[in-house]
Amino acid sequence: MKAAVCALALAAGAEALTKVKLERTFEIANRSDKPLKEALQHGNVLGMERVKLARKYGGDVPTIPIRDFMNAQYFGPVDLGTPSQKFTAIYDTGSSNLWMPGKNCSGCTHKKYDSSKSSTYVANGTAFSILYGSGAVKGFCDEDLVTFGGLQAEKQIFAETTSEPGLPWVVGRFDGILGLGWPQISVNGITPVFFTLVEQQKVAAGQFSFWLSGTPGKEGGELALGGTDPDKYSGDFNYVPVSKEGYWQISAGSMSMGNTTIRSNFEAVVDSGTSLLAFPMVDAIRMNSHLNCTDAGIECVFTECPDFNTLPDLTFVLGGRGYVLTGKDYILQVTSAGQTQCVSGIMGMPALPEHLGAIIGDVFMRKFYTTFDVTNKRVGFALSKNE
């Protein structure tokens, strides 16, 4: 789909701002039955995050079984067909396809889409596959009505899966993925759902925005479709142009840990489907070395949770403006079986593509309300109201 589609004038009668509630889950899936502290010391709790990032951005994936892993997602509703079949999905700006388990999905434990029960279903049948580190999501394409935040994307192509890979998909609280990235990275060249809504003039503006809460549960966040929600942020927006369409990629001025500059003039991706902050391994090691945590591979864990006030600030310069994360912002407190441990939200990726210096995920987006402007090809940031 050509970029010019994004600039279509939206009808005056399009829906006003649509607000979709997000649910947040944050837990450790401890399948090895080891004490939390011991599981963290093996350096594999963030292994699933590495798998997800490797699938999106390239690089090696863990070769050992992932049994203990952080299960942290924001997800919300999406309906398929007529009458509606209700599902939940991760709203992921780091991918561009919508997929859900189909009625013939082998080993799938979540809700399943049944095309025979939808009067608006049209057969497509094109093979579909996305490779993950733990296997592949495989299936075929369907055409049907997709309802997202009450907005109807008519004749939307999406994938109905017949197999899904591994334990993390079984224990996840979501049914599938709804990608909010650009068409350029969409498998099979399928038009992403939000772009369909823009084309069909169903949204007030070609823009969507995330407010992410730090509290797990039903009130975990909000996705605004068609603009921004002034009740969820303060101050004005600072916009950064999209430097390359595909992922939501922007050019960053610098990032620093305390008074130490880690990297300057690099590319970054803003990814709502990434729980942490991911960097090239050498940069992550340098940053975590300031925290007095123990490096255990891709993650850095603390013997005891630190005094956050003693930790240096992590600062990104984006669009000429500094965005500061304090220790309280970038340290994760994880609890399992009554035990609480602290893990750095700064994660190393052994093979992040050379042109990328950072994957900016939910750790950043919780503090800064983030708007993704399709029409003007830019990403905007403002301080979230999260107190």
# chains A, B, ... in the order shown; residues from 1 in each chain; ligands from 1
>>> residues_around(residues="Phe266 of chain A", least_positions_apart="6", cutoff="6 Å", atoms="only C-alpha atoms", output="PyMOL selection string")
chain A and resi 251-252+357
>>> select_by_dssp(residues="segment 333-386 of chain A", states="helix (DSSP H, G or I)", output="number ranges by chain")
A: 362-367
>>> atom_distance(atom1="atom CA of Asp144 of chain A", atom2="atom CA of Ile157 of chain A")
6.8 Å
>>> closest_atom_pairs(of="segment 108-223 of chain A", to="segment 383-386 of chain A", cutoff="12 Å", atoms="only C-alpha atoms", output="JSON lines")
{"residue": "A:Ser209", "atom": "CA", "partner": "A:Ser384", "partner_atom": "CA", "distance": 11.4}
{"residue": "A:Phe210", "atom": "CA", "partner": "A:Ser384", "partner_atom": "CA", "distance": 9.6}
{"residue": "A:Trp211", "atom": "CA", "partner": "A:Ser384", "partner_atom": "CA", "distance": 7.0}
{"residue": "A:Leu212", "atom": "CA", "partner": "A:Asn386", "partner_atom": "CA", "distance": 8.2}
{"residue": "A:Ser213", "atom": "CA", "partner": "A:Asn386", "partner_atom": "CA", "distance": 6.4}
{"residue": "A:Gly214", "atom": "CA", "partner": "A:Asn386", "partner_atom": "CA", "distance": 7.7}
{"residue": "A:Thr215", "atom": "CA", "partner": "A:Asn386", "partner_atom": "CA", "distance": 9.6}
{"residue": "A:Glu219", "atom": "CA", "partner": "A:Asn386", "partner_atom": "CA", "distance": 11.9}
{"residue": "A:Gly220", "atom": "CA", "partner": "A:Asn386", "partner_atom": "CA", "distance": 10.9}
{"residue": "A:Gly221", "atom": "CA", "partner": "A:Asn386", "partner_atom": "CA", "distance": 10.0}
{"residue": "A:Glu222", "atom": "CA", "partner": "A:Ser384", "partner_atom": "CA", "distance": 11.5}
>>> atom_distance(atom1="atom CA of Asn188 of chain A", atom2="atom CA of Phe128 of chain A")
7.4 Å
>>> residues_around(residues="segment 78-81 of chain A", least_positions_apart="4", cutoff="8 Å", atoms="only C-alpha atoms", output="ChimeraX atom specification")
/A:85-89,113,115,117-121,144-149
>>> closest_residue(among="A:Ile262, A:Val379, A:Leu311, A:Ala204", to="Lys244 of chain A", atoms="only C-alpha atoms")
A:Val379
>>> residues_around(residues="Ala123 of chain A", least_positions_apart="2", cutoff="7 Å", atoms="only C-alpha atoms", output="list in words")
Tyr121, Gly125, Asp142 and Glu143 of chain A
>>> residues_around(residues="Met287 of chain A", least_positions_apart="3", cutoff="10 Å", atoms="only C-alpha atoms", output="MDAnalysis selection string")
chainID A and resid 256:258 260:262 279 281:284 290:291 312 314 344 346:348
>>> write_last_selection(atoms="all heavy atoms", output="short mmCIF file (atom, residue, chain, number, x, y, z; two decimals), in the first residue's frame")
data_model
loop_
_atom_site.label_atom_id
_atom_site.label_comp_id
_atom_site.auth_asym_id
_atom_site.auth_seq_id
_atom_site.Cartn_x
_atom_site.Cartn_y
_atom_site.Cartn_z
N SER A 256 22.37 8.60 27.57
CA SER A 256 23.43 8.66 28.57
C SER A 256 22.96 8.05 29.89
O SER A 256 21.77 8.02 30.19
CB SER A 256 23.87 10.11 28.80
OG SER A 256 22.78 10.92 29.20
N MET A 257 23.92 7.55 30.64
CA MET A 257 23.68 6.99 31.97
C MET A 257 24.41 7.88 32.96
O MET A 257 25.66 7.91 32.98
CB MET A 257 24.20 5.57 32.04
CG MET A 257 23.60 4.75 33.16
SD MET A 257 21.88 4.39 32.80
CE MET A 257 21.48 3.22 34.08
N GLY A 258 23.65 8.66 33.74
CA GLY A 258 24.30 9.65 34.58
C GLY A 258 25.03 10.65 33.70
O GLY A 258 24.46 11.21 32.77
N THR A 260 27.63 9.82 31.83
CA THR A 260 28.34 9.07 30.80
C THR A 260 27.49 8.93 29.54
O THR A 260 26.40 8.35 29.58
CB THR A 260 28.71 7.66 31.31
OG1 THR A 260 29.50 7.78 32.49
CG2 THR A 260 29.49 6.90 30.25
N THR A 261 27.98 9.45 28.43
CA THR A 261 27.28 9.28 27.16
C THR A 261 27.54 7.87 26.64
O THR A 261 28.70 7.46 26.47
CB THR A 261 27.75 10.31 26.12
OG1 THR A 261 27.45 11.63 26.61
CG2 THR A 261 27.05 10.11 24.78
N ILE A 262 26.48 7.14 26.37
CA ILE A 262 26.61 5.76 25.91
C ILE A 262 26.67 5.69 24.39
O ILE A 262 27.46 4.96 23.81
CB ILE A 262 25.43 4.90 26.43
CG1 ILE A 262 25.35 4.96 27.97
CG2 ILE A 262 25.55 3.46 25.94
CD1 ILE A 262 26.56 4.41 28.68
N PHE A 279 19.12 -2.86 23.99
CA PHE A 279 20.26 -2.18 23.40
C PHE A 279 21.26 -3.20 22.88
O PHE A 279 21.24 -4.37 23.29
CB PHE A 279 20.96 -1.30 24.45
CG PHE A 279 20.06 -0.32 25.13
CD1 PHE A 279 19.50 -0.60 26.37
CD2 PHE A 279 19.76 0.91 24.55
CE1 PHE A 279 18.67 0.29 27.01
CE2 PHE A 279 18.94 1.81 25.18
CZ PHE A 279 18.39 1.51 26.41
N MET A 281 24.46 -5.34 23.01
CA MET A 281 24.97 -5.93 24.24
C MET A 281 26.04 -5.07 24.91
O MET A 281 26.01 -4.88 26.13
CB MET A 281 25.54 -7.33 23.94
CG MET A 281 26.00 -8.07 25.17
SD MET A 281 24.65 -8.48 26.30
CE MET A 281 23.99 -9.93 25.48
N VAL A 282 26.96 -4.52 24.13
CA VAL A 282 28.04 -3.74 24.72
C VAL A 282 27.49 -2.50 25.43
O VAL A 282 27.98 -2.11 26.50
CB VAL A 282 29.09 -3.36 23.66
CG1 VAL A 282 28.49 -2.45 22.58
CG2 VAL A 282 30.31 -2.70 24.30
N ASP A 283 26.46 -1.88 24.88
CA ASP A 283 25.88 -0.70 25.51
C ASP A 283 25.12 -1.07 26.77
O ASP A 283 25.19 -0.37 27.79
CB ASP A 283 24.93 0.02 24.54
CG ASP A 283 25.65 0.68 23.39
OD1 ASP A 283 26.89 0.80 23.46
OD2 ASP A 283 24.98 1.10 22.42
N ALA A 284 24.36 -2.19 26.72
CA ALA A 284 23.62 -2.62 27.90
C ALA A 284 24.56 -2.95 29.06
O ALA A 284 24.29 -2.60 30.21
CB ALA A 284 22.75 -3.83 27.55
N HIS A 290 26.72 0.57 35.88
CA HIS A 290 26.52 1.70 36.80
C HIS A 290 25.54 1.36 37.93
O HIS A 290 25.34 2.18 38.83
CB HIS A 290 25.98 2.91 36.03
CG HIS A 290 26.94 3.53 35.07
ND1 HIS A 290 27.66 4.68 35.36
CD2 HIS A 290 27.32 3.16 33.83
CE1 HIS A 290 28.43 4.99 34.33
NE2 HIS A 290 28.24 4.09 33.39
N LEU A 291 24.93 0.17 37.88
CA LEU A 291 23.80 -0.11 38.78
C LEU A 291 24.15 -1.06 39.92
O LEU A 291 23.31 -1.31 40.79
CB LEU A 291 22.64 -0.71 37.97
CG LEU A 291 22.17 0.11 36.76
CD1 LEU A 291 20.98 -0.58 36.10
CD2 LEU A 291 21.83 1.53 37.16
N PRO A 312 21.73 6.21 38.87
CA PRO A 312 21.83 7.32 37.90
C PRO A 312 20.61 7.38 36.99
O PRO A 312 19.91 6.38 36.78
CB PRO A 312 23.09 6.97 37.11
CG PRO A 312 23.18 5.48 37.18
CD PRO A 312 22.66 5.11 38.55
N LEU A 314 18.77 7.64 33.41
CA LEU A 314 18.97 7.24 32.02
C LEU A 314 18.25 8.26 31.15
O LEU A 314 17.03 8.44 31.29
CB LEU A 314 18.41 5.84 31.77
CG LEU A 314 18.34 5.34 30.33
CD1 LEU A 314 19.70 5.38 29.65
CD2 LEU A 314 17.74 3.94 30.27
N SER A 344 17.11 -5.22 36.27
CA SER A 344 17.25 -4.04 35.44
C SER A 344 16.35 -4.16 34.21
O SER A 344 16.27 -5.21 33.58
CB SER A 344 18.71 -3.87 34.99
OG SER A 344 18.81 -2.85 34.02
N ILE A 346 17.02 -2.72 31.59
CA ILE A 346 17.96 -2.50 30.49
C ILE A 346 18.48 -3.87 30.05
O ILE A 346 19.16 -4.57 30.80
CB ILE A 346 19.13 -1.61 30.95
CG1 ILE A 346 18.59 -0.22 31.32
CG2 ILE A 346 20.19 -1.51 29.88
CD1 ILE A 346 19.59 0.63 32.09
N MET A 347 18.15 -4.24 28.84
CA MET A 347 18.43 -5.59 28.34
C MET A 347 19.39 -5.55 27.17
O MET A 347 19.30 -4.67 26.31
CB MET A 347 17.10 -6.22 27.90
CG MET A 347 17.20 -7.55 27.21
SD MET A 347 15.54 -8.08 26.68
CE MET A 347 15.99 -9.42 25.61
N GLY A 348 20.32 -6.49 27.13
CA GLY A 348 21.27 -6.56 26.03
C GLY A 348 20.81 -7.53 24.95
O GLY A 348 20.30 -8.60 25.25
#
>>> select_by_dssp(residues="segment 97-151 of chain A", states="strand (DSSP E)", output="PyMOL selection string")
chain A and resi 98-106+122-132+135-148+151
>>> closest_residue(among="A:Phe302, A:Gly246, A:Phe381, A:Ala351", to="Ser289 of chain A", atoms="only C-alpha atoms")
A:Phe302
>>> atom_distance(atom1="atom CA of Ala358 of chain A", atom2="atom CA of Leu325 of chain A")
14.6 Å
>>> closest_residue(among="A:Thr126, A:Thr93, A:Gln341, A:Thr371", to="Gly189 of chain A", atoms="only C-alpha atoms")
A:Thr126
>>> residues_around(residues="Asp92 of chain A", least_positions_apart="2", cutoff="7 Å", atoms="only C-alpha atoms", output="PyMOL selection string")
chain A and resi 90+94-95+177-180+271-273
>>> write_last_selection(atoms="N, CA and C atoms", output="short mmCIF file (atom, residue, chain, number, x, y, z; two decimals), in the first residue's frame")
data_model
loop_
_atom_site.label_atom_id
_atom_site.label_comp_id
_atom_site.auth_asym_id
_atom_site.auth_seq_id
_atom_site.Cartn_x
_atom_site.Cartn_y
_atom_site.Cartn_z
N ILE A 90 -2.43 -8.43 21.93
CA ILE A 90 -1.40 -7.45 22.23
C ILE A 90 -1.40 -6.44 21.09
N GLY A 94 5.48 -2.97 16.95
CA GLY A 94 6.66 -3.57 16.37
C GLY A 94 6.37 -4.66 15.35
N SER A 95 5.11 -4.82 14.98
CA SER A 95 4.72 -5.74 13.91
C SER A 95 3.47 -5.17 13.24
N ILE A 177 -2.18 -11.36 18.26
CA ILE A 177 -1.44 -10.12 18.09
C ILE A 177 -2.17 -9.22 17.10
N LEU A 178 -2.29 -7.93 17.42
CA LEU A 178 -2.78 -6.94 16.47
C LEU A 178 -1.66 -5.95 16.22
N GLY A 179 -1.02 -6.07 15.04
CA GLY A 179 0.13 -5.23 14.72
C GLY A 179 -0.28 -3.83 14.30
N LEU A 180 0.46 -2.86 14.81
CA LEU A 180 0.20 -1.44 14.51
C LEU A 180 1.39 -0.79 13.79
N ASP A 271 8.49 0.64 20.40
CA ASP A 271 7.83 -0.65 20.23
C ASP A 271 6.97 -0.96 21.45
N SER A 272 5.65 -0.85 21.29
CA SER A 272 4.73 -1.13 22.40
C SER A 272 4.69 -2.62 22.75
N GLY A 273 5.17 -3.47 21.87
CA GLY A 273 5.18 -4.91 22.13
C GLY A 273 6.42 -5.41 22.82
#
>>> closest_residue(among="A:Phe316, A:Phe140, A:Phe194, A:Phe364", to="Thr161 of chain A", atoms="only C-alpha atoms")
A:Phe140
